[in-house]
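J.: So here's coords_20.txt (compact mmCIF, C-alpha atoms).
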```txt
# COMPACT_ATOMS: atom_id res chain seq x y z
CA MET X 110 32.20 27.91 -24.32
CA GLU X 111 33.01 26.10 -21.09
CA ALA X 112 33.19 22.33 -20.86
CA LEU X 113 30.19 20.71 -19.20
CA ALA X 114 31.51 18.28 -16.57
CA ASP X 115 34.48 16.51 -18.25
CA GLY X 116 33.47 17.75 -21.70
CA GLU X 117 33.88 14.56 -23.75
CA TYR X 118 31.76 11.40 -23.46
CA ASP X 119 30.68 8.37 -25.45
CA ALA X 120 27.02 8.93 -24.58
CA ILE X 121 24.88 11.63 -23.01
CA VAL X 122 21.65 10.40 -21.40
CA MET X 123 18.88 12.90 -20.63
CA GLY X 124 16.26 12.19 -17.97
CA THR X 125 16.49 9.76 -15.05
CA GLY X 126 13.37 7.76 -15.83
CA LEU X 127 13.65 3.98 -15.52
CA LYS X 128 14.37 3.35 -19.21
CA GLU X 129 17.09 5.99 -19.37
CA CYS X 130 18.72 4.75 -16.14
CA VAL X 131 18.75 1.16 -17.37
CA ILE X 132 20.43 2.27 -20.61
CA SER X 133 23.06 4.39 -18.84
CA GLY X 134 23.78 1.54 -16.43
CA LEU X 135 24.18 -1.03 -19.21
CA LEU X 136 26.35 1.29 -21.34
CA SER X 137 28.66 2.14 -18.45
CA VAL X 138 29.07 -1.58 -17.63
CA GLN X 139 30.30 -2.00 -21.22
CA GLY X 140 33.01 0.59 -20.63
CA MET X 141 31.40 3.65 -22.20
CA ARG X 142 31.89 7.10 -20.68
CA VAL X 143 28.39 8.30 -19.81
CA LEU X 144 27.10 11.73 -18.77
CA HIS X 145 23.59 11.48 -17.30
CA MET X 146 21.58 14.70 -16.85
CA ASP X 147 18.16 15.56 -15.43
CA ARG X 148 16.32 18.87 -15.16
CA ASN X 149 14.90 17.80 -11.79
CA ASN X 150 16.73 17.60 -8.48
CA TYR X 151 15.56 14.02 -7.91
CA TYR X 152 15.83 10.67 -9.71
CA GLY X 153 12.95 9.04 -11.54
CA ALA X 154 11.59 11.83 -13.80
CA ASP X 155 7.93 10.99 -14.53
CA CYS X 156 8.18 7.70 -12.61
CA ALA X 157 9.51 9.22 -9.38
CA SER X 158 8.26 8.28 -5.90
CA LEU X 159 7.11 11.34 -3.93
CA ASN X 160 6.53 11.89 -0.23
CA LEU X 161 3.25 13.38 0.96
CA THR X 162 4.41 17.01 0.88
CA ASN X 163 5.88 16.78 -2.64
CA LEU X 164 2.78 14.99 -3.93
CA TYR X 165 0.43 17.69 -2.67
CA GLU X 166 2.74 20.40 -4.04
CA LYS X 167 2.82 18.76 -7.46
CA PHE X 168 -0.97 18.75 -7.69
CA ASN X 169 -1.42 22.13 -5.95
CA ALA X 170 -3.66 20.34 -3.46
CA GLY X 171 -2.89 22.45 -0.41
CA LYS X 172 -1.75 20.91 2.86
CA PRO X 173 -2.06 17.15 3.52
CA ALA X 174 -4.72 16.19 6.04
CA ASP X 175 -3.38 15.27 9.49
CA ASN X 176 -5.20 11.91 9.45
CA LEU X 177 -3.05 10.64 6.57
CA GLY X 178 -0.03 10.07 8.78
CA ALA X 179 3.60 11.16 8.73
CA ASN X 180 5.23 12.60 5.61
CA ARG X 181 8.14 10.15 5.87
CA ASP X 182 5.79 7.16 5.65
CA PHE X 183 4.80 7.88 2.04
CA ASN X 184 6.53 6.92 -1.21
CA VAL X 185 3.82 7.55 -3.80
CA ASP X 186 4.69 6.48 -7.34
CA LEU X 187 3.49 8.84 -10.07
CA ILE X 188 3.39 5.96 -12.56
CA PRO X 189 2.83 2.85 -10.45
CA LYS X 190 3.48 -0.44 -12.21
CA PHE X 191 3.90 -4.00 -10.99
CA ILE X 192 6.81 -6.19 -12.06
CA MET X 193 6.28 -9.67 -13.50
CA ALA X 194 8.16 -11.97 -11.12
CA CYS X 195 9.83 -13.93 -13.93
CA GLY X 196 9.57 -11.32 -16.69
CA ASN X 197 12.23 -9.42 -18.60
CA LEU X 198 12.58 -6.53 -16.13
CA THR X 199 13.39 -9.03 -13.39
CA LYS X 200 16.00 -10.58 -15.69
CA MET X 201 17.57 -7.14 -16.22
CA LEU X 202 17.69 -6.57 -12.46
CA LEU X 203 19.39 -9.95 -11.99
CA HIS X 204 21.78 -9.47 -14.92
CA THR X 205 23.10 -6.24 -13.47
CA LYS X 206 22.86 -7.26 -9.80
CA VAL X 207 20.78 -4.16 -9.15
CA THR X 208 18.73 -6.50 -6.93
CA ARG X 209 21.42 -6.03 -4.26
CA TYR X 210 20.14 -2.47 -3.76
CA LEU X 211 16.44 -3.34 -3.55
CA GLU X 212 13.98 -5.48 -1.63
CA PHE X 213 10.85 -6.87 -3.28
CA LYS X 214 7.58 -8.26 -1.99
CA SER X 215 4.91 -10.12 -3.90
CA ILE X 216 1.52 -8.61 -4.74
CA GLU X 217 -1.15 -10.55 -2.90
CA GLY X 218 -3.85 -10.94 -5.54
CA SER X 219 -4.62 -10.71 -9.27
CA TYR X 220 -8.24 -10.10 -10.28
CA VAL X 221 -10.34 -9.51 -13.37
CA TYR X 222 -13.64 -7.66 -13.74
CA LYS X 223 -16.37 -9.65 -15.44
CA GLY X 224 -20.13 -9.21 -15.56
CA GLY X 225 -20.10 -6.51 -12.89
CA LYS X 226 -18.06 -8.59 -10.41
CA ILE X 227 -14.42 -8.70 -9.30
CA LEU X 228 -13.20 -12.28 -9.72
CA LYS X 229 -9.86 -13.86 -8.86
CA VAL X 230 -7.74 -14.96 -11.80
CA PRO X 231 -7.14 -18.73 -11.33
CA ALA X 232 -3.62 -19.48 -10.13
CA THR X 233 -3.55 -23.17 -11.10
CA PRO X 234 -5.46 -25.57 -13.38
CA GLU X 235 -7.05 -26.99 -10.21
CA GLU X 236 -8.14 -23.53 -9.05
CA ALA X 237 -9.62 -22.97 -12.51
CA LEU X 238 -12.04 -25.83 -11.83
CA ARG X 239 -13.38 -23.95 -8.79
CA SER X 240 -13.45 -20.51 -10.41
CA PRO X 241 -16.81 -18.70 -10.84
CA LEU X 242 -15.38 -17.13 -14.01
CA MET X 243 -16.67 -20.05 -16.10
CA GLY X 244 -19.33 -22.73 -16.23
CA LEU X 245 -18.53 -26.38 -15.48
CA PHE X 246 -17.74 -27.56 -19.02
CA GLU X 247 -15.84 -24.37 -19.86
CA LYS X 248 -13.65 -24.93 -16.78
CA ARG X 249 -12.59 -28.33 -18.10
CA ARG X 250 -11.77 -26.86 -21.52
CA PHE X 251 -9.82 -24.05 -19.84
CA ARG X 252 -7.87 -26.57 -17.76
CA SER X 253 -6.94 -28.51 -20.92
CA PHE X 254 -5.82 -25.27 -22.55
CA LEU X 255 -3.61 -24.35 -19.55
CA LEU X 256 -2.04 -27.81 -19.52
CA PHE X 257 -1.23 -27.46 -23.23
CA VAL X 258 0.37 -24.05 -22.65
CA ASP X 259 2.33 -25.34 -19.66
CA ARG X 260 3.80 -28.24 -21.66
CA TYR X 261 4.33 -26.35 -24.93
CA ASP X 262 7.96 -26.07 -26.01
CA GLU X 263 8.63 -24.24 -29.26
CA ASN X 264 11.55 -26.59 -30.02
CA ASP X 265 9.80 -29.87 -29.13
CA ALA X 266 7.25 -30.95 -31.75
CA GLU X 267 5.87 -33.60 -29.41
CA THR X 268 4.37 -30.84 -27.25
CA HIS X 269 2.63 -29.07 -30.17
CA GLN X 270 -0.37 -31.40 -30.50
CA GLY X 271 -0.26 -30.76 -34.25
CA LYS X 272 -0.66 -26.99 -33.80
CA ASN X 273 1.73 -24.65 -35.62
CA LEU X 274 1.60 -21.53 -33.45
CA LYS X 275 3.69 -19.59 -35.95
CA VAL X 276 0.75 -19.82 -38.35
CA MET X 277 -2.34 -20.50 -36.21
CA THR X 278 -3.85 -17.30 -34.79
CA MET X 279 -4.63 -16.87 -31.11
CA ARG X 280 -8.34 -16.85 -31.90
CA GLU X 281 -7.96 -20.17 -33.76
CA LEU X 282 -6.03 -21.63 -30.84
CA TYR X 283 -8.77 -20.66 -28.39
CA ASP X 284 -11.40 -22.09 -30.73
CA SER X 285 -9.47 -25.35 -31.11
CA PHE X 286 -10.01 -25.95 -27.38
CA GLY X 287 -13.67 -24.93 -27.63
CA LEU X 288 -13.18 -21.88 -25.39
CA GLN X 289 -15.91 -19.22 -25.42
CA PRO X 290 -15.29 -15.54 -26.36
CA ASP X 291 -15.67 -14.42 -22.70
CA THR X 292 -12.88 -16.85 -21.77
CA HIS X 293 -10.70 -15.57 -24.63
CA GLN X 294 -11.16 -12.11 -23.16
CA PHE X 295 -10.10 -12.80 -19.59
CA ILE X 296 -7.14 -15.00 -20.61
CA SER X 297 -5.85 -12.43 -23.10
CA HIS X 298 -6.36 -9.34 -20.95
CA ALA X 299 -5.85 -10.60 -17.39
CA MET X 300 -3.19 -13.27 -18.01
CA CYS X 301 -1.45 -12.54 -21.33
CA LEU X 302 -1.73 -8.81 -20.49
CA GLU X 303 -2.77 -7.82 -23.99
CA LEU X 304 -4.07 -4.25 -24.09
CA ASP X 305 -6.61 -4.78 -26.91
CA ASP X 306 -7.91 -7.53 -29.21
CA VAL X 307 -5.53 -7.02 -32.17
CA HIS X 308 -3.44 -10.03 -31.09
CA LEU X 309 -6.35 -12.44 -31.62
CA ASP X 310 -5.80 -12.43 -35.39
CA LYS X 311 -2.01 -12.69 -35.24
CA PRO X 312 0.09 -15.88 -34.92
CA ALA X 313 -0.42 -17.30 -31.43
CA LEU X 314 3.21 -18.00 -30.49
CA ALA X 315 4.01 -14.59 -28.97
CA THR X 316 0.82 -14.53 -26.89
CA VAL X 317 1.35 -18.10 -25.67
CA LYS X 318 4.86 -17.14 -24.52
CA GLU X 319 3.35 -14.20 -22.60
CA LEU X 320 0.93 -16.61 -20.95
CA GLN X 321 3.79 -18.95 -20.04
CA THR X 322 5.63 -16.06 -18.39
CA TYR X 323 2.49 -15.19 -16.43
CA CYS X 324 1.98 -18.80 -15.29
CA TYR X 325 5.67 -19.26 -14.47
CA SER X 326 5.66 -16.03 -12.44
CA LEU X 327 2.45 -17.08 -10.71
CA SER X 328 3.92 -20.43 -9.69
CA ARG X 329 6.84 -18.58 -8.10
CA TYR X 330 4.72 -17.03 -5.34
CA GLY X 331 1.31 -18.67 -5.68
CA THR X 332 -0.80 -15.56 -4.98
CA SER X 333 -0.13 -13.37 -8.02
CA PRO X 334 2.59 -13.17 -10.68
CA TYR X 335 3.66 -9.68 -9.62
CA ILE X 336 6.29 -8.22 -7.30
CA TYR X 337 6.86 -4.62 -6.19
CA PRO X 338 9.81 -2.87 -4.54
CA VAL X 339 9.57 -2.04 -0.86
CA TYR X 340 9.57 1.80 -0.66
CA GLY X 341 8.18 2.12 -4.19
CA LEU X 342 9.44 2.17 -7.75
CA GLY X 343 11.77 5.13 -7.20
CA GLY X 344 14.44 2.66 -6.12
CA LEU X 345 14.62 1.13 -9.62
CA PRO X 346 16.09 4.12 -11.50
CA GLU X 347 18.26 4.90 -8.47
CA GLY X 348 19.60 1.33 -8.51
CA PHE X 349 20.60 1.52 -12.17
CA SER X 350 22.03 5.01 -11.61
CA ARG X 351 24.21 3.59 -8.87
CA LEU X 352 25.37 0.89 -11.29
CA CYS X 353 26.30 3.59 -13.81
CA ALA X 354 28.16 5.65 -11.19
CA ILE X 355 30.10 2.62 -9.94
CA HIS X 356 31.36 2.12 -13.50
CA GLY X 357 32.47 5.73 -13.94
CA GLY X 358 29.29 7.48 -15.05
CA THR X 359 28.83 11.18 -14.27
CA PHE X 360 25.47 12.46 -12.97
CA MET X 361 24.21 16.03 -13.08
CA LEU X 362 20.81 16.59 -11.46
CA ASN X 363 19.07 19.98 -11.51
CA HIS X 364 20.67 20.70 -14.91
CA ASP X 365 18.34 21.21 -17.85
CA VAL X 366 19.43 20.67 -21.43
CA ASP X 367 19.03 23.98 -23.26
CA GLU X 368 20.01 22.67 -26.67
CA ILE X 369 21.02 19.49 -28.46
CA VAL X 370 23.95 20.29 -30.78
CA TYR X 371 24.13 18.76 -34.29
CA ASN X 372 26.86 18.59 -36.93
CA ASP X 373 26.39 19.48 -40.61
CA GLN X 374 25.03 15.98 -41.31
CA GLY X 375 22.24 16.46 -38.75
CA GLU X 376 23.80 14.06 -36.23
CA ALA X 377 23.68 14.88 -32.52
CA ILE X 378 27.19 15.57 -31.21
CA GLY X 379 26.47 17.00 -27.77
CA VAL X 380 24.33 19.19 -25.53
CA LYS X 381 24.44 22.72 -24.11
CA SER X 382 23.41 23.67 -20.60
CA GLY X 383 23.81 27.34 -19.76
CA ASN X 384 27.17 28.48 -21.08
CA ALA X 385 28.68 24.98 -21.00
CA MET X 386 28.74 22.15 -23.54
CA ALA X 387 29.50 18.44 -23.46
CA ARG X 388 30.22 16.38 -26.57
CA ALA X 389 29.28 12.75 -27.25
CA LYS X 390 28.93 10.22 -30.05
CA PHE X 391 25.16 10.04 -29.47
CA VAL X 392 22.41 11.16 -27.11
CA VAL X 393 19.67 9.13 -25.39
CA GLY X 394 16.63 10.50 -23.61
CA ASP X 395 12.94 10.63 -22.92
CA PRO X 396 10.70 12.53 -25.37
CA SER X 397 10.52 15.71 -23.24
CA TYR X 398 14.17 16.53 -23.99
CA PHE X 399 13.84 16.54 -27.79
CA PRO X 400 12.38 19.01 -30.33
CA LYS X 401 8.79 18.40 -31.46
CA ASN X 402 9.93 17.28 -34.90
CA LYS X 403 11.72 14.31 -33.32
CA VAL X 404 8.66 12.81 -31.60
CA ARG X 405 5.00 12.15 -32.35
CA ALA X 406 2.03 12.09 -30.01
CA THR X 407 0.50 8.62 -29.60
CA GLY X 408 -2.47 9.44 -27.36
CA GLN X 409 -3.29 10.47 -23.82
CA ILE X 410 -3.38 8.57 -20.53
CA VAL X 411 -5.40 9.43 -17.45
CA ARG X 412 -4.13 8.29 -14.05
CA CYS X 413 -5.92 8.76 -10.73
CA ILE X 414 -4.01 8.34 -7.48
CA CYS X 415 -6.47 7.73 -4.63
CA PHE X 416 -5.97 7.51 -0.88
CA LEU X 417 -8.28 5.03 0.83
CA ASN X 418 -8.70 4.13 4.52
CA HIS X 419 -9.61 0.55 3.63
CA PRO X 420 -8.55 -2.21 1.19
CA ILE X 421 -10.34 -2.34 -2.16
CA PRO X 422 -13.71 -4.04 -1.45
CA ASN X 423 -14.50 -7.54 -2.73
CA CYS X 424 -10.82 -8.55 -2.93
CA GLY X 425 -10.52 -10.42 0.37
CA ASP X 426 -9.13 -7.46 2.38
CA LEU X 427 -5.73 -7.85 0.70
CA GLU X 428 -2.94 -5.33 1.27
CA SER X 429 -1.99 -5.26 -2.42
CA VAL X 430 -3.95 -6.22 -5.55
CA GLN X 431 -4.26 -5.70 -9.28
CA ILE X 432 -7.63 -5.64 -11.04
CA ILE X 433 -7.86 -5.56 -14.83
CA ILE X 434 -11.11 -4.36 -16.36
CA PRO X 435 -11.13 -5.61 -19.98
CA GLY X 436 -12.33 -2.76 -22.18
CA PRO X 437 -15.22 -4.71 -23.76
CA GLN X 438 -16.66 -5.38 -20.27
CA VAL X 439 -17.41 -1.64 -19.91
CA ASN X 440 -18.01 -0.80 -23.58
CA ARG X 441 -14.49 0.45 -24.19
CA LYS X 442 -11.71 -0.47 -26.58
CA ASN X 443 -8.91 -0.05 -24.02
CA ASP X 444 -8.58 -1.82 -20.68
CA ILE X 445 -8.82 0.00 -17.36
CA PHE X 446 -6.17 -0.90 -14.75
CA VAL X 447 -6.71 -0.72 -11.00
CA CYS X 448 -3.96 -1.48 -8.51
CA SER X 449 -3.57 -0.98 -4.79
CA ILE X 450 -0.58 -1.00 -2.45
CA SER X 451 -0.17 -0.07 1.20
CA SER X 452 2.10 0.02 4.21
CA SER X 453 3.01 -3.63 3.57
CA HIS X 454 5.26 -2.30 0.76
CA ALA X 455 6.28 0.75 2.86
CA VAL X 456 4.63 3.25 0.50
CA SER X 457 2.05 4.68 2.92
CA ALA X 458 1.23 5.08 6.60
CA LYS X 459 -0.42 2.11 8.32
CA GLY X 460 -4.14 2.01 7.58
CA ILE X 461 -3.82 4.09 4.36
CA TYR X 462 -4.09 2.35 1.00
CA ILE X 463 -2.94 3.89 -2.29
CA ALA X 464 -5.13 2.87 -5.21
CA ILE X 465 -4.39 3.88 -8.79
CA VAL X 466 -6.78 3.80 -11.73
CA SER X 467 -5.35 4.29 -15.23
CA THR X 468 -6.39 3.92 -18.85
CA LYS X 469 -5.78 5.26 -22.31
CA MET X 470 -8.10 8.16 -23.10
CA GLU X 471 -10.81 7.45 -25.68
CA GLY X 472 -12.64 10.78 -25.33
CA ASN X 473 -12.08 14.24 -23.85
CA ASP X 474 -13.51 13.77 -20.34
CA ALA X 475 -10.81 12.32 -18.08
CA ASP X 476 -13.18 11.77 -15.14
CA LYS X 477 -15.62 9.83 -17.31
CA GLU X 478 -12.85 7.53 -18.59
CA VAL X 479 -12.01 6.18 -15.14
CA ILE X 480 -15.54 5.88 -13.66
CA PRO X 481 -15.63 2.03 -13.92
CA GLY X 482 -12.35 1.79 -12.02
CA LEU X 483 -13.15 4.39 -9.37
CA ALA X 484 -16.50 2.66 -8.74
CA LEU X 485 -14.61 -0.40 -7.41
CA LEU X 486 -12.70 1.53 -4.74
CA GLY X 487 -15.39 2.43 -2.22
CA HIS X 488 -14.91 5.61 -0.18
CA ILE X 489 -12.02 7.78 -1.46
CA MET X 490 -10.30 10.10 1.06
CA GLN X 491 -8.28 12.07 -1.49
CA ARG X 492 -7.90 11.85 -5.24
CA PHE X 493 -5.28 13.27 -7.59
CA THR X 494 -5.95 13.13 -11.35
CA MET X 495 -3.43 13.72 -14.11
CA VAL X 496 -3.68 13.47 -17.88
CA ALA X 497 -0.45 12.94 -19.81
CA THR X 498 0.17 12.98 -23.55
CA THR X 499 2.27 10.00 -24.63
CA TYR X 500 5.00 10.23 -27.26
CA ALA X 501 7.11 7.94 -29.41
CA PRO X 502 10.16 8.72 -31.60
CA VAL X 503 9.56 9.38 -35.30
CA SER X 504 12.75 7.53 -36.27
CA ASP X 505 15.04 4.84 -34.86
CA GLY X 506 17.92 7.27 -34.20
CA HIS X 507 20.35 5.69 -36.66
CA ASP X 508 20.62 8.79 -38.86
CA ASP X 509 20.50 11.61 -36.30
CA LYS X 510 22.12 9.81 -33.33
CA CYS X 511 19.11 10.75 -31.16
CA TYR X 512 17.84 7.62 -29.42
CA ILE X 513 14.49 8.39 -27.84
CA SER X 514 12.38 6.23 -25.53
CA SER X 515 8.59 6.03 -25.73
CA SER X 516 6.35 7.28 -22.93
CA PHE X 517 5.11 4.75 -20.37
CA ASP X 518 1.84 3.06 -21.34
CA ALA X 519 -1.41 3.06 -19.34
CA SER X 520 -1.08 -0.46 -17.94
CA SER X 521 -0.31 -1.30 -14.31
CA HIS X 522 2.60 -3.57 -15.28
CA PHE X 523 5.94 -3.15 -17.07
CA GLU X 524 5.64 -5.77 -19.83
CA GLY X 525 4.95 -3.40 -22.73
CA ASP X 526 7.44 -0.82 -21.47
CA VAL X 527 10.20 -3.43 -21.22
CA GLU X 528 9.67 -4.26 -24.90
CA ASP X 529 10.33 -0.58 -25.68
CA LEU X 530 13.40 -0.65 -23.42
CA LEU X 531 14.82 -3.70 -25.23
CA SER X 532 14.15 -1.99 -28.56
CA LEU X 533 15.92 1.16 -27.34
CA TYR X 534 18.92 -0.87 -26.22
CA LYS X 535 19.16 -2.55 -29.63
CA ARG X 536 18.88 0.78 -31.46
CA VAL X 537 21.64 2.28 -29.31
CA THR X 538 24.07 -0.66 -29.35
CA GLY X 539 23.11 -2.50 -32.55
CA LYS X 540 22.67 -5.79 -30.68
CA ASP X 541 20.03 -7.57 -28.61
CA LEU X 542 20.37 -7.60 -24.84
CA ASP X 543 21.08 -11.15 -23.68
CA MET X 544 17.87 -12.21 -21.88
CA THR X 545 18.64 -15.93 -21.60
CA ILE X 546 19.19 -15.73 -17.83
CA ASN X 547 16.81 -17.78 -15.70
CA ALA X 548 14.66 -15.37 -13.71
CA ASP X 549 14.96 -17.70 -10.70
CA SER X 550 18.70 -17.07 -10.52
CA VAL X 551 20.04 -14.87 -7.74
CA GLU X 552 23.72 -15.25 -8.52
CA ALA X 553 23.57 -13.95 -12.09
CA ASP X 554 25.96 -11.34 -13.40
CA TYR X 555 25.85 -9.22 -16.52
```
Spit out the file's structure as structure tokens when you get a sec.
T.:
Amino acid sequence: MEALADGEYDAIVMGTGLKECVISGLLSVQGMRVLHMDRNNYYGADCASLNLTNLYEKFNAGKPADNLGANRDFNVDLIPKFIMACGNLTKMLLHTKVTRYLEFKSIEGSYVYKGGKILKVPATPEEALRSPLMGLFEKRRFRSFLLFVDRYDENDAETHQGKNLKVMTMRELYDSFGLQPDTHQFISHAMCLELDDVHLDKPALATVKELQTYCYSLSRYGTSPYIYPVYGLGGLPEGFSRLCAIHGGTFMLNHDVDEIVYNDQGEAIGVKSGNAMARAKFVVGDPSYFPKNKVRATGQIVRCICFLNHPIPNCGDLESVQIIIPGPQVNRKNDIFVCSISSSHAVSAKGIYIAIVSTKMEGNDADKEVIPGLALLGHIMQRFTMVATTYAPVSDGHDDKCYISSSFDASSHFEGDVEDLLSLYKRVTGKDLDMTINADSVEADY
């Protein structure tokens, strides 16, 4: 059998999704020889950015309407997600200096759906006092809570106010400030970015840290805690791919993996593509490259990509927004996420807005699942709906040397997916990725 590329590598990475590209970039920086393959002829896999023609072809939607604008003006993300300005993905971008390849702009507004209305998430304790989200006395309690969170330092007992957040649950913490259940809901879902209510009965420390990241990110720009790449998310995997290539990585697009090869102990030792084979100490990839016995289904996600000729109503005519609909507000368990971007981020023609509604499926009718989100958009020019089954690995990869990422979640932000990425890195390398960098730094190196 012929040698595939150079034949011998330390690692073979399959799929050019964001998680896989981050891993290949980080491994190559550490001196490993990496072969990175993708069955597609473009970077990004399921999180690619498509132009107008490719988008319509993917959904078999015929020819784009002339009033949408030029093909070259569109970079439509199949899985659009916002980046927390001071979150872990930003730290990874700074660590690796991938930021030199990308330009980011802030998202203009962060909103939450409550009682049938779209309401702005307060950006400061002072703004909280003016917010229609709460009554007068609740606003004061909320302000006290935010001040506690802002001052809280895990290593400084003087900031704890007698509260042990490693023991006290999040629900108990809310109750200790006299906050009402409706307030618990919007803080947890719209600010801590929790996807359900399971966290309420767990120790509060992790959720408080998530809230601190949100508030820290919010203070960075003052309008919302989120940023987004100009020209769409497709630049993220491309940036990490470039990092890998600079450090000697080999890329093979338009090459599918026909077979993962194992030794007698059941450990992956390489891959076959056509009549060629490459060997490696281990393989990394997204679930679609592995046999069904290596992954398990974790649910389904529905995503609707909508073209609008106007901003999302009731959001102050902003060019870019996120709206979180807490599940309980619409009699659901899982939240519904609505986000909108436009020509201000160079992802569409001027005057065209791209809105995305996504959620985890709770029934069998995809259209029914997203009705509360679509109802917020106003007139929709064109809509594309896709339902994807999500997968997770059945094992950590230690025994079979198959390190598999989990599918992207339904949220409109990267926080949960970055946790999976950090877990994947630790499984592959046996060590935690150093995340101590200050997200405000622009001179950081890995």
J.: Identify which of the residues X:Leu304, X:Leu320, X:Met146, X:Ala455 lies closest to Thr125 in chain X, counting all atoms listed in the file when measuring atom-to-atom distances.
T.: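 Of all the options, X:Met146 lies closest to Thr125 in chain X.
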J.: So how many Å separate CA of Ser215 in chain X and CA of Ser333 in chain X, to one decimal?
T.: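 Between CA of Ser215 in chain X and CA of Ser333 in chain X the gap works out to 7.3 Å.
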J.: List the neighbours of Phe183 in chain X out to 7 Å using all atoms listed in the file; skip same-chain residues closer than 5 positions along the sequence, and give me the result as JSON, numbers by chain.
T.: {"X": [160, 161, 456, 457, 458]}
J.: Neighbours of Leu314 in chain X within 6 Å (all atoms listed in the file; same-chain residues fewer than 3 positions away dropped), as JSON, numbers by chain?
T.: {"X": [274, 275, 317]}
J.: Which distance in Å separates CA of Ala120 in chain X and CA of Asp367 in chain X, to one decimal?
T.: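 Atom-to-atom, CA of Ala120 in chain X and CA of Asp367 in chain X are spaced 17.1 Å apart.
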J.: Name the residues in contact with range 269-273 of chain X at a cut-off of 12 Å, using only C-alpha atoms, excluding same-chain residues fewer than 3 positions from it; report them as a PyMOL selection string.
T.: chain X and resi 253-254+256-266+276-279+281-283+285-286+312-314+317
J.: Could you write those residues out with C-alpha atoms, as a CSV table (one decimal), keeping the file's coordinate frame?
T.:
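And here's part-v4.csv as it stands now:
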```csv
chain,number,residue,atom,x,y,z
X,253,SER,CA,-6.9,-28.5,-20.9
X,254,PHE,CA,-5.8,-25.3,-22.6
X,256,LEU,CA,-2.0,-27.8,-19.5
X,257,PHE,CA,-1.2,-27.5,-23.2
X,258,VAL,CA,0.4,-24.0,-22.6
X,259,ASP,CA,2.3,-25.3,-19.7
X,260,ARG,CA,3.8,-28.2,-21.7
X,261,TYR,CA,4.3,-26.4,-24.9
X,262,ASP,CA,8.0,-26.1,-26.0
X,263,GLU,CA,8.6,-24.2,-29.3
X,264,ASN,CA,11.6,-26.6,-30.0
X,265,ASP,CA,9.8,-29.9,-29.1
X,266,ALA,CA,7.2,-31.0,-31.8
X,276,VAL,CA,0.8,-19.8,-38.4
X,277,MET,CA,-2.3,-20.5,-36.2
X,278,THR,CA,-3.8,-17.3,-34.8
X,279,MET,CA,-4.6,-16.9,-31.1
X,281,GLU,CA,-8.0,-20.2,-33.8
X,282,LEU,CA,-6.0,-21.6,-30.8
X,283,TYR,CA,-8.8,-20.7,-28.4
X,285,SER,CA,-9.5,-25.4,-31.1
X,286,PHE,CA,-10.0,-26.0,-27.4
X,312,PRO,CA,0.1,-15.9,-34.9
X,313,ALA,CA,-0.4,-17.3,-31.4
X,314,LEU,CA,3.2,-18.0,-30.5
X,317,VAL,CA,1.4,-18.1,-25.7
```
J.: Select, from X:Tyr330, X:Arg351, X:Gly343, X:Thr498, the residue with the minimum atom-to-atom distance to Arg405 in chain X, counting only C-alpha atoms.
T.: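 For Arg405 in chain X, the nearest of the candidates is X:Thr498.
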